[in-house]
>>> print(open('structure_7.txt').read())   # compact mmCIF, C-alpha atoms
# COMPACT_ATOMS: atom_id res chain seq x y z
CA MET A 125 127.18 160.00 171.14
CA SER A 126 124.60 161.30 168.69
CA HIS A 127 125.75 163.70 166.02
CA SER A 128 124.23 165.34 162.96
CA ARG A 129 125.52 165.56 159.38
CA HIS A 130 124.23 167.38 156.35
CA TYR A 131 124.95 166.74 152.66
CA THR A 132 123.57 167.86 149.31
CA ARG A 133 124.44 165.42 146.51
CA VAL A 134 123.26 164.31 143.11
CA ILE A 135 124.26 160.73 142.35
CA LEU A 136 124.19 160.03 138.59
CA SER A 137 124.66 156.80 136.70
CA SER A 138 128.35 157.18 135.83
CA LEU A 139 129.34 157.55 139.49
CA ALA A 140 127.03 154.79 140.66
CA LEU A 141 128.28 152.40 138.00
CA SER A 142 131.93 153.02 138.82
CA LEU A 143 131.28 152.10 142.46
CA LEU A 144 129.05 149.10 141.81
CA VAL A 145 131.66 146.50 140.88
CA SER A 146 132.02 144.85 144.27
CA CYS A 147 128.22 144.81 144.81
CA GLN A 148 127.53 143.17 141.47
CA ALA A 149 130.12 140.49 142.04
CA ALA A 150 128.05 139.24 144.96
CA SER A 151 124.70 139.47 143.19
CA LYS A 152 123.03 136.27 142.01
CA GLU A 153 120.93 138.01 139.37
CA GLN A 154 122.90 140.27 137.05
CA ALA A 155 121.75 142.58 134.28
CA LYS A 156 122.70 140.48 131.25
CA PRO A 157 123.86 142.13 128.01
CA ILE A 158 121.28 141.94 125.21
CA PRO A 159 122.26 141.90 121.52
CA GLN A 160 121.25 145.20 119.93
CA GLU A 161 118.81 143.57 117.53
CA LYS A 162 116.91 142.05 120.45
CA VAL A 163 116.67 145.13 122.62
CA VAL A 164 113.06 146.13 123.29
CA SER A 165 112.65 149.27 121.23
CA ASP A 166 109.15 150.26 122.33
CA LYS A 167 109.61 150.80 126.05
CA TRP A 168 105.95 151.71 126.47
CA PRO A 169 103.72 149.33 124.46
CA ALA A 170 100.92 150.95 122.46
CA GLN A 171 98.27 149.13 124.46
CA ALA A 172 99.55 150.76 127.64
CA GLY A 173 98.64 154.23 126.39
CA PRO A 174 100.78 157.37 126.19
CA HIS A 175 103.18 157.99 129.08
CA SER A 176 104.80 161.22 130.12
CA MET A 177 108.56 161.11 130.54
CA THR A 178 108.55 164.50 132.26
CA LEU A 179 107.34 165.64 135.66
CA THR A 180 103.97 167.37 136.00
CA MET A 181 102.82 168.50 139.44
CA PRO A 182 99.20 167.84 140.48
CA PRO A 183 96.79 170.72 139.87
CA GLY A 184 94.85 170.76 143.16
CA LYS A 185 94.62 169.79 146.83
CA THR A 186 93.63 166.23 145.97
CA GLY A 187 96.57 165.47 143.71
CA PHE A 188 95.59 164.22 140.29
CA TYR A 189 92.14 163.17 141.50
CA SER A 190 89.18 165.28 140.35
CA ALA A 191 86.30 165.16 142.84
CA PRO A 192 82.76 164.92 141.40
CA GLN A 193 80.99 168.22 140.80
CA ASN A 194 77.53 166.72 141.31
CA ALA A 195 76.82 164.78 144.51
CA GLY A 196 74.46 162.29 142.89
CA LYS A 197 72.41 159.90 145.03
CA SER A 198 73.26 159.27 148.67
CA PHE A 199 72.66 156.15 150.77
CA ASP A 200 73.23 155.17 154.38
CA PHE A 201 74.66 151.64 154.46
CA MET A 202 73.01 150.71 157.74
CA LYS A 203 69.61 152.33 157.22
CA ASP A 204 69.14 151.65 153.51
CA PHE A 205 70.79 148.23 153.15
CA GLY A 206 70.39 146.65 156.57
CA ALA A 207 74.05 146.21 157.46
CA ILE A 208 74.49 143.85 160.40
CA ALA A 209 77.66 145.61 161.61
CA ASP A 210 78.31 143.32 164.59
CA GLY A 211 82.02 142.81 163.87
CA ALA A 212 81.57 139.11 163.05
CA SER A 213 78.88 138.76 160.34
CA ASP A 214 79.91 139.15 156.70
CA ASP A 215 78.39 142.34 155.26
CA SER A 216 80.15 142.04 151.88
CA ALA A 217 77.06 141.09 149.86
CA ARG A 218 75.11 144.03 151.28
CA LEU A 219 77.84 146.53 150.44
CA GLN A 220 78.23 145.08 146.94
CA LYS A 221 74.47 145.41 146.38
CA ALA A 222 74.63 149.04 147.49
CA LEU A 223 77.51 149.83 145.12
CA ASN A 224 75.83 148.10 142.18
CA LYS A 225 72.58 149.98 142.77
CA LEU A 226 74.34 153.32 143.14
CA SER A 227 76.42 152.86 140.00
CA LYS A 228 73.36 151.87 137.91
CA ALA A 229 71.59 155.01 139.16
CA GLY A 230 74.39 157.19 137.78
CA GLY A 231 76.59 157.36 140.85
CA GLY A 232 76.77 159.02 144.24
CA SER A 233 77.92 158.20 147.77
CA ILE A 234 77.42 155.54 150.42
CA PHE A 235 77.90 156.53 154.06
CA ILE A 236 79.10 153.76 156.38
CA PRO A 237 78.32 154.71 160.00
CA LYS A 238 80.72 154.01 162.84
CA ALA A 239 80.56 150.33 163.78
CA GLU A 240 82.51 147.11 163.19
CA TYR A 241 82.18 145.44 159.78
CA VAL A 242 83.48 142.35 157.97
CA PHE A 243 84.18 142.79 154.24
CA SER A 244 86.08 140.98 151.50
CA GLY A 245 86.01 140.90 147.70
CA ILE A 246 84.20 144.23 147.31
CA LYS A 247 84.29 145.31 143.65
CA ILE A 248 84.19 149.09 143.48
CA LYS A 249 81.91 150.43 140.72
CA SER A 250 82.34 153.54 138.56
CA ASN A 251 81.10 156.84 139.98
CA THR A 252 80.71 155.49 143.51
CA HIS A 253 82.17 157.08 146.61
CA ILE A 254 82.37 155.40 150.00
CA GLU A 255 82.51 157.63 153.09
CA ILE A 256 83.46 155.68 156.21
CA GLU A 257 82.86 157.38 159.55
CA ALA A 258 85.93 157.95 161.72
CA GLY A 259 86.50 155.18 164.25
CA THR A 260 84.87 152.47 162.12
CA ILE A 261 86.67 149.09 162.20
CA ILE A 262 86.82 146.82 159.15
CA ARG A 263 88.09 143.22 159.18
CA PRO A 264 88.51 140.77 156.27
CA VAL A 265 86.73 137.46 155.79
CA LYS A 266 88.94 134.41 155.45
CA SER A 267 88.92 133.24 151.84
CA PHE A 268 88.81 129.63 150.66
CA SER A 269 89.26 128.02 147.27
CA LYS A 270 89.48 124.44 145.99
CA GLY A 271 92.89 123.06 145.27
CA GLY A 272 94.22 120.95 148.10
CA LYS A 273 96.23 117.77 147.57
CA ASN A 274 93.23 115.95 146.11
CA LYS A 275 92.04 119.09 144.18
CA LYS A 276 88.69 118.97 146.00
CA GLU A 277 89.36 120.10 149.53
CA ALA A 278 89.23 123.79 150.30
CA LYS A 279 92.39 125.77 151.00
CA LEU A 280 93.00 129.31 152.13
CA SER A 281 93.57 131.84 149.36
CA SER A 282 94.73 135.45 149.31
CA ILE A 283 92.28 138.20 150.22
CA THR A 284 91.42 141.53 148.64
CA ILE A 285 89.05 143.70 150.65
CA PHE A 286 88.44 146.46 148.07
CA ASP A 287 89.01 145.78 144.35
CA PHE A 288 89.49 148.89 142.19
CA GLY A 289 89.29 147.47 138.66
CA LYS A 290 91.81 144.71 139.28
CA ARG A 291 89.53 141.86 138.21
CA SER A 292 86.29 143.61 137.34
CA GLY A 293 86.93 145.67 134.19
CA LYS A 294 87.69 149.36 133.93
CA ILE A 295 86.23 151.73 136.52
CA GLU A 296 86.49 155.49 136.93
CA ASN A 297 85.67 158.31 139.33
CA VAL A 298 85.80 156.44 142.65
CA SER A 299 86.91 157.08 146.20
CA ILE A 300 87.07 155.61 149.70
CA VAL A 301 87.62 158.26 152.37
CA GLY A 302 87.42 158.37 156.14
CA LYS A 303 84.81 160.98 157.10
CA GLY A 304 85.67 163.11 160.11
CA GLY A 305 88.99 161.30 160.62
CA VAL A 306 90.51 157.89 160.01
CA PHE A 307 88.78 154.54 159.85
CA VAL A 308 90.66 151.38 160.89
CA VAL A 309 91.34 148.13 159.05
CA GLU A 310 92.40 145.29 161.35
CA LEU A 311 94.20 142.38 159.68
CA HIS A 312 94.70 138.96 161.22
CA ALA A 313 97.79 136.79 160.75
CA TYR A 314 97.13 135.13 157.42
CA ALA A 315 99.83 133.40 155.39
CA PRO A 316 98.29 133.64 151.88
CA GLY A 317 98.28 137.43 152.17
CA ILE A 318 95.82 140.32 152.45
CA ALA A 319 95.59 143.39 150.20
CA VAL A 320 93.31 146.02 151.68
CA PHE A 321 93.09 147.96 148.39
CA SER A 322 94.00 146.26 145.10
CA LEU A 323 94.13 148.71 142.18
CA GLY A 324 94.15 147.80 138.50
CA ASN A 325 92.23 149.40 135.64
CA VAL A 326 91.05 152.52 137.47
CA ASP A 327 91.03 156.15 136.33
CA ASN A 328 90.48 159.05 138.76
CA PHE A 329 90.55 157.70 142.32
CA GLN A 330 91.18 158.72 145.92
CA ILE A 331 91.99 156.75 149.09
CA SER A 332 92.40 158.85 152.25
CA ASN A 333 92.18 158.80 156.06
CA VAL A 334 92.98 155.14 156.71
CA HIS A 335 94.84 153.30 159.48
CA VAL A 336 95.80 149.66 158.93
CA LYS A 337 96.69 147.47 161.91
CA ASP A 338 98.72 144.77 160.19
CA ALA A 339 99.94 141.45 161.58
CA LEU A 340 103.06 140.86 159.46
CA THR A 341 100.89 139.79 156.52
CA LYS A 342 102.06 139.31 152.96
CA PHE A 343 101.18 142.10 150.45
CA SER A 344 101.23 145.82 151.01
CA ALA A 345 98.02 147.48 152.18
CA ILE A 346 97.69 149.13 148.74
CA THR A 347 98.84 147.23 145.65
CA MET A 348 98.91 148.84 142.21
CA GLY A 349 99.45 146.93 138.98
CA PRO A 350 97.91 146.05 135.61
CA SER A 351 94.42 144.58 135.56
CA ALA A 352 93.92 140.93 134.67
CA LYS A 353 94.84 139.87 131.13
CA LYS A 354 91.25 138.87 130.44
CA ASP A 355 90.27 142.53 130.86
CA SER A 356 89.42 143.55 127.27
CA ALA A 357 90.44 147.15 127.98
CA ARG A 358 93.43 146.26 130.11
CA GLY A 359 94.88 149.14 132.06
CA PHE A 360 96.40 150.27 135.33
CA PRO A 361 95.92 153.05 137.93
CA ILE A 362 96.01 156.60 136.55
CA ASN A 363 95.08 160.00 137.95
CA GLY A 364 94.97 159.24 141.65
CA TYR A 365 95.54 160.56 145.16
CA VAL A 366 96.49 158.52 148.24
CA SER A 367 96.85 160.52 151.44
CA ASP A 368 96.84 160.46 155.23
CA PHE A 369 97.44 156.74 155.49
CA THR A 370 99.10 155.07 158.48
CA GLN A 371 100.03 151.48 159.21
CA THR A 372 101.51 149.46 162.06
CA GLY A 373 102.83 145.89 162.17
CA ALA A 374 104.03 145.64 158.55
CA ALA A 375 106.31 142.80 157.48
CA TYR A 376 109.68 143.33 155.81
CA GLY A 377 109.27 144.18 152.13
CA TYR A 378 105.63 145.14 152.47
CA GLY A 379 104.07 148.26 153.93
CA ILE A 380 101.54 150.84 152.81
CA VAL A 381 102.07 150.93 149.03
CA GLN A 382 103.57 148.61 146.40
CA THR A 383 103.40 150.08 142.89
CA GLN A 384 104.02 147.97 139.79
CA ALA A 385 102.10 150.29 137.47
CA ALA A 386 100.81 153.83 137.93
CA GLN A 387 100.68 157.14 136.08
CA ASN A 388 99.84 160.58 137.45
CA VAL A 389 99.49 159.40 141.05
CA PHE A 390 100.30 161.49 144.12
CA PHE A 391 101.12 159.96 147.53
CA GLU A 392 101.05 162.28 150.54
CA ASN A 393 101.41 161.83 154.31
CA LEU A 394 102.17 158.11 154.52
CA HIS A 395 103.49 156.92 157.89
CA GLY A 396 104.31 153.29 158.69
CA VAL A 397 105.78 151.14 161.43
CA GLY A 398 107.63 148.26 159.80
CA GLY A 399 108.17 147.29 156.18
CA ALA A 400 108.83 149.57 153.20
CA VAL A 401 106.25 152.35 153.42
CA LEU A 402 106.29 153.53 149.80
CA ARG A 403 107.69 150.86 147.48
CA MET A 404 108.09 151.77 143.81
CA GLU A 405 109.50 148.48 142.57
CA THR A 406 108.39 147.27 139.16
CA GLY A 407 109.53 143.69 139.58
CA ALA A 408 106.49 141.45 139.00
CA LYS A 409 107.11 138.70 136.45
CA GLY A 410 104.01 139.45 134.38
CA VAL A 411 104.72 143.18 134.28
CA ASN A 412 108.27 142.65 133.03
CA ASP A 413 107.56 139.81 130.60
CA ASP A 414 104.64 141.72 129.03
CA GLN A 415 106.37 145.10 129.33
CA PHE A 416 102.96 146.38 130.38
CA GLY A 417 102.84 148.72 133.36
CA GLY A 418 105.63 150.67 134.98
CA LEU A 419 105.57 154.09 136.63
CA ALA A 420 105.35 157.56 135.11
CA ASN A 421 104.82 160.95 136.75
CA VAL A 422 104.46 159.47 140.24
CA ILE A 423 105.01 161.86 143.13
CA GLY A 424 105.43 161.36 146.88
CA ARG A 425 105.53 163.86 149.73
CA ASN A 426 105.98 163.41 153.48
CA ILE A 427 106.81 159.70 153.73
CA SER A 428 108.06 158.26 157.04
CA CYS A 429 108.93 154.93 158.60
CA LYS A 430 109.74 153.64 162.09
CA ASP A 431 111.46 150.33 162.92
CA GLY A 432 111.09 149.02 159.37
CA ASN A 433 113.34 148.46 156.39
CA ALA A 434 112.88 151.73 154.49
CA ALA A 435 110.52 154.68 154.21
CA PHE A 436 110.99 154.80 150.43
CA MET A 437 112.25 152.05 148.13
CA ILE A 438 112.70 152.24 144.35
CA SER A 439 113.94 149.70 141.77
CA PRO A 440 113.07 149.32 138.06
CA HIS A 441 114.06 145.66 137.44
CA ALA A 442 113.57 145.38 133.63
CA MET A 443 110.94 148.11 133.22
CA HIS A 444 111.66 151.48 131.60
CA ASN A 445 109.83 153.97 133.76
CA GLY A 446 109.06 157.67 133.52
CA VAL A 447 109.89 160.24 136.19
CA VAL A 448 109.36 159.65 139.90
CA ALA A 449 109.86 162.46 142.44
CA VAL A 450 109.66 162.02 146.22
CA GLU A 451 110.20 164.81 148.76
CA GLY A 452 110.35 164.72 152.54
CA VAL A 453 111.45 161.23 153.61
CA LYS A 454 112.06 160.41 157.28
CA SER A 455 113.09 157.27 159.10
CA GLU A 456 113.58 156.38 162.75
CA GLY A 457 115.28 153.09 163.52
CA CYS A 458 114.87 151.72 160.00
CA GLY A 459 117.52 149.96 157.94
CA PHE A 460 117.50 152.92 155.56
CA ALA A 461 115.42 156.03 154.99
CA VAL A 462 115.81 155.47 151.23
CA ARG A 463 116.80 152.28 149.43
CA ILE A 464 117.58 152.57 145.69
CA GLY A 465 118.01 149.33 143.76
CA ASN A 466 119.49 148.81 140.31
CA GLY A 467 117.93 147.77 137.06
CA TYR A 468 118.46 144.13 136.10
CA VAL A 469 116.91 141.16 134.34
CA ALA A 470 115.84 138.61 136.94
CA LYS A 471 116.15 134.89 136.29
CA LYS A 472 112.40 134.43 136.81
CA TYR A 473 111.53 136.46 133.69
CA SER A 474 110.70 134.54 130.50
CA ASN A 475 110.90 137.32 127.90
CA PRO A 476 114.30 136.90 126.13
CA ASN A 477 114.33 140.50 124.86
CA LEU A 478 114.55 142.28 128.20
CA GLU A 479 117.26 144.72 129.22
CA ALA A 480 118.11 146.33 132.56
CA GLY A 481 115.38 148.81 133.51
CA THR A 482 115.58 152.51 134.23
CA PHE A 483 113.78 155.55 135.56
CA ALA A 484 113.72 158.63 133.33
CA GLN A 485 116.09 161.56 133.72
CA GLY A 486 114.77 163.86 136.43
CA THR A 487 113.87 161.10 138.87
CA ARG A 488 114.85 162.26 142.35
CA VAL A 489 114.37 161.92 146.09
CA SER A 490 115.03 164.94 148.29
CA ASN A 491 114.97 166.25 151.87
CA ILE A 492 115.85 162.99 153.58
CA HIS A 493 116.42 162.61 157.32
CA ALA A 494 117.39 159.38 159.09
CA LYS A 495 117.68 158.68 162.81
CA PHE A 496 119.71 155.68 163.97
CA GLY A 497 118.00 152.89 165.91
CA GLU A 498 118.49 149.20 166.70
CA ASN A 499 115.11 147.65 165.79
CA ALA A 500 115.23 147.77 161.98
CA GLN A 501 114.01 144.98 159.69
CA LEU A 502 116.98 143.69 157.72
CA LYS A 503 117.80 140.93 155.27
CA ARG A 504 121.17 139.22 154.91
CA LYS A 505 121.80 140.86 151.54
CA HIS A 506 122.12 144.20 153.35
CA PHE A 507 124.49 143.09 156.11
CA LYS A 508 127.46 143.81 153.85
CA TYR A 509 126.69 147.54 153.99
CA MET A 510 126.79 147.63 157.79
CA PRO A 511 129.84 148.66 159.83
CA GLU A 512 131.46 145.53 161.20
CA SER A 513 131.13 146.80 164.77
CA LEU A 514 127.32 146.54 164.53
CA LEU A 515 127.03 142.98 163.21
CA SER A 516 126.84 141.47 166.69
CA LYS A 517 123.64 143.44 167.35
CA ILE A 518 121.67 141.62 164.63
CA SER A 519 119.11 139.20 166.07
CA ASN A 520 119.46 135.51 165.25
CA GLU A 521 115.68 135.15 165.38
CA SER A 522 113.39 135.97 162.46
CA GLU A 523 109.83 137.17 163.03
CA ASP A 524 108.72 136.39 159.47
CA GLY A 525 111.13 133.64 158.40
CA SER A 526 113.32 135.86 156.24
CA SER A 527 114.26 139.13 157.97
CA HIS A 528 116.08 139.95 161.19
CA ARG A 529 115.92 142.81 163.65
CA GLY A 530 119.06 144.87 163.96
CA PRO A 531 120.66 148.32 163.84
CA SER A 532 120.11 150.95 161.17
CA ILE A 533 122.65 150.68 158.34
CA ALA A 534 122.70 154.00 156.48
CA PRO A 535 120.39 156.92 155.69
CA VAL A 536 120.52 156.10 151.96
CA LEU A 537 121.55 152.98 150.05
CA ASN A 538 122.07 153.78 146.37
CA ILE A 539 123.27 151.08 143.97
CA ALA A 540 121.42 152.51 140.96
CA ASN A 541 122.71 152.03 137.41
CA PHE A 542 120.33 154.72 136.14
CA PRO A 543 120.35 158.49 136.78
CA ILE A 544 118.72 159.51 140.06
CA GLY A 545 119.10 162.65 142.12
CA VAL A 546 119.64 162.24 145.87
CA LEU A 547 119.35 165.69 147.45
CA ASN A 548 119.70 167.12 150.95
CA VAL A 549 120.45 164.16 153.23
CA THR A 550 120.74 164.64 157.00
CA SER A 551 121.21 162.09 159.77
CA GLU A 552 121.65 161.65 163.49
CA GLY A 553 123.13 158.91 165.62
CA PHE A 554 125.00 157.06 162.85
CA SER A 555 128.69 156.22 163.22
CA GLY A 556 131.10 154.63 160.78
CA THR A 557 128.86 154.77 157.71
CA PRO A 558 128.40 157.45 155.04
CA ASP A 559 125.06 159.19 154.59
CA ILE A 560 124.87 157.72 151.10
CA ALA A 561 126.17 154.15 150.96
CA LEU A 562 127.25 153.07 147.49
CA THR A 563 129.44 150.02 148.05
CA PRO A 564 129.57 147.28 150.71
CA SER A 565 132.21 147.15 153.42
CA PRO A 566 135.24 145.29 152.02
CA ARG A 567 135.52 143.32 155.25
CA ILE A 568 131.97 141.97 155.28
CA LYS A 569 130.95 139.04 153.10
>>> encode(input="structure_7.txt", output="structure tokens")
Amino acid sequence: MSHSRHYTRVILSSLALSLLVSCQAASKEQAKPIPQEKVVSDKWPAQAGPHSMTLTMPPGKTGFYSAPQNAGKSFDFMKDFGAIADGASDDSARLQKALNKLSKAGGGSIFIPKAEYVFSGIKIKSNTHIEIEAGTIIRPVKSFSKGGKNKKEAKLSSITIFDFGKRSGKIENVSIVGKGGVFVVELHAYAPGIAVFSLGNVDNFQISNVHVKDALTKFSAITMGPSAKKDSARGFPINGYVSDFTQTGAAYGYGIVQTQAAQNVFFENLHGVGGAVLRMETGAKGVNDDQFGGLANVIGRNISCKDGNAAFMISPHAMHNGVVAVEGVKSEGCGFAVRIGNGYVAKKYSNPNLEAGTFAQGTRVSNIHAKFGENAQLKRKHFKYMPESLLSKISNESEDGSSHRGPSIAPVLNIANFPIGVLNVTSEGFSGTPDIALTPSPRIK
């Protein structure tokens, strides 16, 4: 029988550490002690720029994004650039030409009328704003590169549809917004992975009114991280707003957003089916080895998940992050509403001077509600937190080769070894598990 529980708790590092012993014994990758003389003293490298270690709320309705005061030039993609828009022909070159022309003219907007388009590898230019009419459908082009067994034959490679300064140098003052409602991005099953929006060295951006129909692809719909090392003014996403974004069909571990590096970014109204909707996990090898990136003053509001792994996931790995604050997290039939991982030095990292990562004091997640279900995406490492009576309900089949469908485990999993506030947790339908799980069941291996 369904029942409801309500708690208000703040879980700080001393409590979490005291209850972590049995979890850490089973972990393959532990936070190794570092001699004091080798500890990284400058947690935020000078080349990364100044980072706030306190929380600052966004000033306006569009988060930290400042909309342009002057409209600039305006183009119609179909009328002015001859878009084919038949749902099969590649219109990427035409859209790139439009963006290049608009940027050189000082900036403005491109309106994409309702139709079906095929795009990939679009490099967004400074001071350009794309308005996509509600109901428009966008699909990616399959991408090929050389590098087969004989180094000459073509092979499939990963896809980025819209590149925001990831591989094209610094850009600023840009947006892609659905006009009059949401536009749709349809992804096909594609093993190398598809990123709809890949963000790197970008300052002042907005992405809003988007629905992604995923097909269990690798990569989150939005990925945020440092730009390529060859970028002479290397940077990462700052001063942004991502809102009103939905997704279906996400694979375990992926979802709407994966953030490796961001500062002053506000996420609002993200709703996903499958995966981890908002994933603040700074675990990439390059980010940790270079100690370039991380998260500071990142805020989330109204984040929800259905039949996935978690609505919100956070883990620092070996990065020392600023404050993150997320409010209003809901899950229905997910493994967890909130999953909080610890800081640790992974075996894949090469930098010998790393220490277990953290998030700054004041990091918190609040107003959490979880509803029990039996179609969550789970990995074996989480089975140990599940009541033994539910283990038989886990599917033996795997839809993506690594995760299994099964019952919800707990509203919150918190194994943090850094201070984090967990406030106002409610649940319904759970039995035999606490609202905030801190240690695995002693009977489950």
>>> atom_distance(input="structure_7.txt", atom1="atom CA of Lys266 of chain A", atom2="atom CA of Phe199 of chain A")
27.6 Å
>>> closest_residue(input="structure_7.txt", among="A:Leu478, A:Ala400, A:Ile544, A:Val462", to="Asp559 of chain A", atoms="all atoms listed in the file")
A:Val462
>>> atom_distance(input="structure_7.txt", atom1="atom CA of Ile208 of chain A", atom2="atom CA of Asp287 of chain A")
21.7 Å
>>> atom_distance(input="structure_7.txt", atom1="atom CA of Ser244 of chain A", atom2="atom CA of Val381 of chain A")
19.0 Å
>>> residues_around(input="structure_7.txt", residues="His493 of chain A", least_positions_apart="2", cutoff="9 Å", atoms="only C-alpha atoms", output="ChimeraX atom specification")
/A:452-456,461,491,495,535,548-552
>>> residues_around(input="structure_7.txt", residues="Lys294 of chain A", least_positions_apart="6", cutoff="10 Å", atoms="all atoms listed in the file", output="PyMOL selection string")
chain A and resi 249-250+288+324-327+351+355-361
>>> write_last_selection(input="structure_7.txt", atoms="C-alpha atoms", output="PDB file, keeping the file's coordinate frame")
ATOM      1  CA  LYS A 249      81.910 150.430 140.720  1.00  0.00           C
ATOM      2  CA  SER A 250      82.340 153.540 138.560  1.00  0.00           C
ATOM      3  CA  PHE A 288      89.490 148.890 142.190  1.00  0.00           C
ATOM      4  CA  GLY A 324      94.150 147.800 138.500  1.00  0.00           C
ATOM      5  CA  ASN A 325      92.230 149.400 135.640  1.00  0.00           C
ATOM      6  CA  VAL A 326      91.050 152.520 137.470  1.00  0.00           C
ATOM      7  CA  ASP A 327      91.030 156.150 136.330  1.00  0.00           C
ATOM      8  CA  SER A 351      94.420 144.580 135.560  1.00  0.00           C
ATOM      9  CA  ASP A 355      90.270 142.530 130.860  1.00  0.00           C
ATOM     10  CA  SER A 356      89.420 143.550 127.270  1.00  0.00           C
ATOM     11  CA  ALA A 357      90.440 147.150 127.980  1.00  0.00           C
ATOM     12  CA  ARG A 358      93.430 146.260 130.110  1.00  0.00           C
ATOM     13  CA  GLY A 359      94.880 149.140 132.060  1.00  0.00           C
ATOM     14  CA  PHE A 360      96.400 150.270 135.330  1.00  0.00           C
ATOM     15  CA  PRO A 361      95.920 153.050 137.930  1.00  0.00           C
TER      16      PRO A 361
END
>>> closest_atom_pairs(input="structure_7.txt", of="segment 291-380 of chain A", to="segment 413-435 of chain A", cutoff="12 Å", atoms="all atoms listed in the file", output="Markdown table")
| residue | atom | partner | partner_atom | distance |
| --- | --- | --- | --- | --- |
| A:Gly324 | CA | A:Gly417 | CA | 10.1 |
| A:Asn325 | CA | A:Gly417 | CA | 10.9 |
| A:Leu340 | CA | A:Gly432 | CA | 11.4 |
| A:Met348 | CA | A:Gly417 | CA | 9.7 |
| A:Gly349 | CA | A:Gly417 | CA | 6.8 |
| A:Pro350 | CA | A:Gly417 | CA | 6.0 |
| A:Ser351 | CA | A:Gly417 | CA | 9.6 |
| A:Ala352 | CA | A:Phe416 | CA | 11.4 |
| A:Lys353 | CA | A:Asp414 | CA | 10.2 |
| A:Arg358 | CA | A:Phe416 | CA | 9.5 |
| A:Gly359 | CA | A:Gly417 | CA | 8.1 |
| A:Phe360 | CA | A:Gly417 | CA | 6.9 |
| A:Pro361 | CA | A:Gly417 | CA | 9.4 |
| A:Ile362 | CA | A:Ala420 | CA | 9.5 |
| A:Asn363 | CA | A:Val422 | CA | 9.7 |
| A:Gly364 | CA | A:Val422 | CA | 9.6 |
| A:Tyr365 | CA | A:Ile423 | CA | 9.8 |
| A:Val366 | CA | A:Gly424 | CA | 9.5 |
| A:Ser367 | CA | A:Arg425 | CA | 9.5 |
| A:Asp368 | CA | A:Asn426 | CA | 9.8 |
| A:Phe369 | CA | A:Ile427 | CA | 10.0 |
| A:Thr370 | CA | A:Ser428 | CA | 9.6 |
| A:Gln371 | CA | A:Cys429 | CA | 9.6 |
| A:Thr372 | CA | A:Lys430 | CA | 9.2 |
| A:Gly373 | CA | A:Gly432 | CA | 9.3 |
| A:Ala374 | CA | A:Gly432 | CA | 7.9 |
| A:Ala375 | CA | A:Gly432 | CA | 8.1 |
| A:Tyr376 | CA | A:Asn433 | CA | 6.3 |
| A:Gly377 | CA | A:Asn433 | CA | 7.3 |
| A:Tyr378 | CA | A:Asn433 | CA | 9.3 |
| A:Gly379 | CA | A:Gly432 | CA | 8.9 |
| A:Ile380 | CA | A:Ala435 | CA | 9.9 |
>>> write_last_selection(input="structure_7.txt", atoms="C-alpha atoms", output="short mmCIF file (atom, residue, chain, number, x, y, z; two decimals), keeping the file's coordinate frame")
data_model
loop_
_atom_site.label_atom_id
_atom_site.label_comp_id
_atom_site.auth_asym_id
_atom_site.auth_seq_id
_atom_site.Cartn_x
_atom_site.Cartn_y
_atom_site.Cartn_z
CA GLY A 324 94.15 147.80 138.50
CA ASN A 325 92.23 149.40 135.64
CA LEU A 340 103.06 140.86 159.46
CA MET A 348 98.91 148.84 142.21
CA GLY A 349 99.45 146.93 138.98
CA PRO A 350 97.91 146.05 135.61
CA SER A 351 94.42 144.58 135.56
CA ALA A 352 93.92 140.93 134.67
CA LYS A 353 94.84 139.87 131.13
CA ARG A 358 93.43 146.26 130.11
CA GLY A 359 94.88 149.14 132.06
CA PHE A 360 96.40 150.27 135.33
CA PRO A 361 95.92 153.05 137.93
CA ILE A 362 96.01 156.60 136.55
CA ASN A 363 95.08 160.00 137.95
CA GLY A 364 94.97 159.24 141.65
CA TYR A 365 95.54 160.56 145.16
CA VAL A 366 96.49 158.52 148.24
CA SER A 367 96.85 160.52 151.44
CA ASP A 368 96.84 160.46 155.23
CA PHE A 369 97.44 156.74 155.49
CA THR A 370 99.10 155.07 158.48
CA GLN A 371 100.03 151.48 159.21
CA THR A 372 101.51 149.46 162.06
CA GLY A 373 102.83 145.89 162.17
CA ALA A 374 104.03 145.64 158.55
CA ALA A 375 106.31 142.80 157.48
CA TYR A 376 109.68 143.33 155.81
CA GLY A 377 109.27 144.18 152.13
CA TYR A 378 105.63 145.14 152.47
CA GLY A 379 104.07 148.26 153.93
CA ILE A 380 101.54 150.84 152.81
#
>>> closest_residue(input="structure_7.txt", among="A:Asn499, A:Asn475, A:Thr260, A:Thr383", to="Ser527 of chain A", atoms="all atoms listed in the file")
A:Asn499
>>> closest_residue(input="structure_7.txt", among="A:Ser299, A:Thr284, A:Asn445, A:Asn393", to="Ala484 of chain A", atoms="all atoms listed in the file")
A:Asn445
>>> residues_around(input="structure_7.txt", residues="Gly305 of chain A", least_positions_apart="2", cutoff="12 Å", atoms="only C-alpha atoms", output="number ranges by chain")
A: 238, 255-260, 301-303, 307-308, 332-335, 368-369
>>> closest_residue(input="structure_7.txt", among="A:Pro476, A:Lys185, A:Ser513, A:Thr180", to="Glu392 of chain A", atoms="only C-alpha atoms")
A:Lys185
>>> residues_near_point(input="structure_7.txt", point="(95.2, 132.9, 150.5)", cutoff="7 Å", atoms="all atoms listed in the file", output="NGL selection string")
:A and (267 or 280-283 or 315-317)
>>> closest_residue(input="structure_7.txt", among="A:Ala408, A:Cys458, A:Ile234, A:Val336", to="Met443 of chain A", atoms="all atoms listed in the file")
A:Ala408
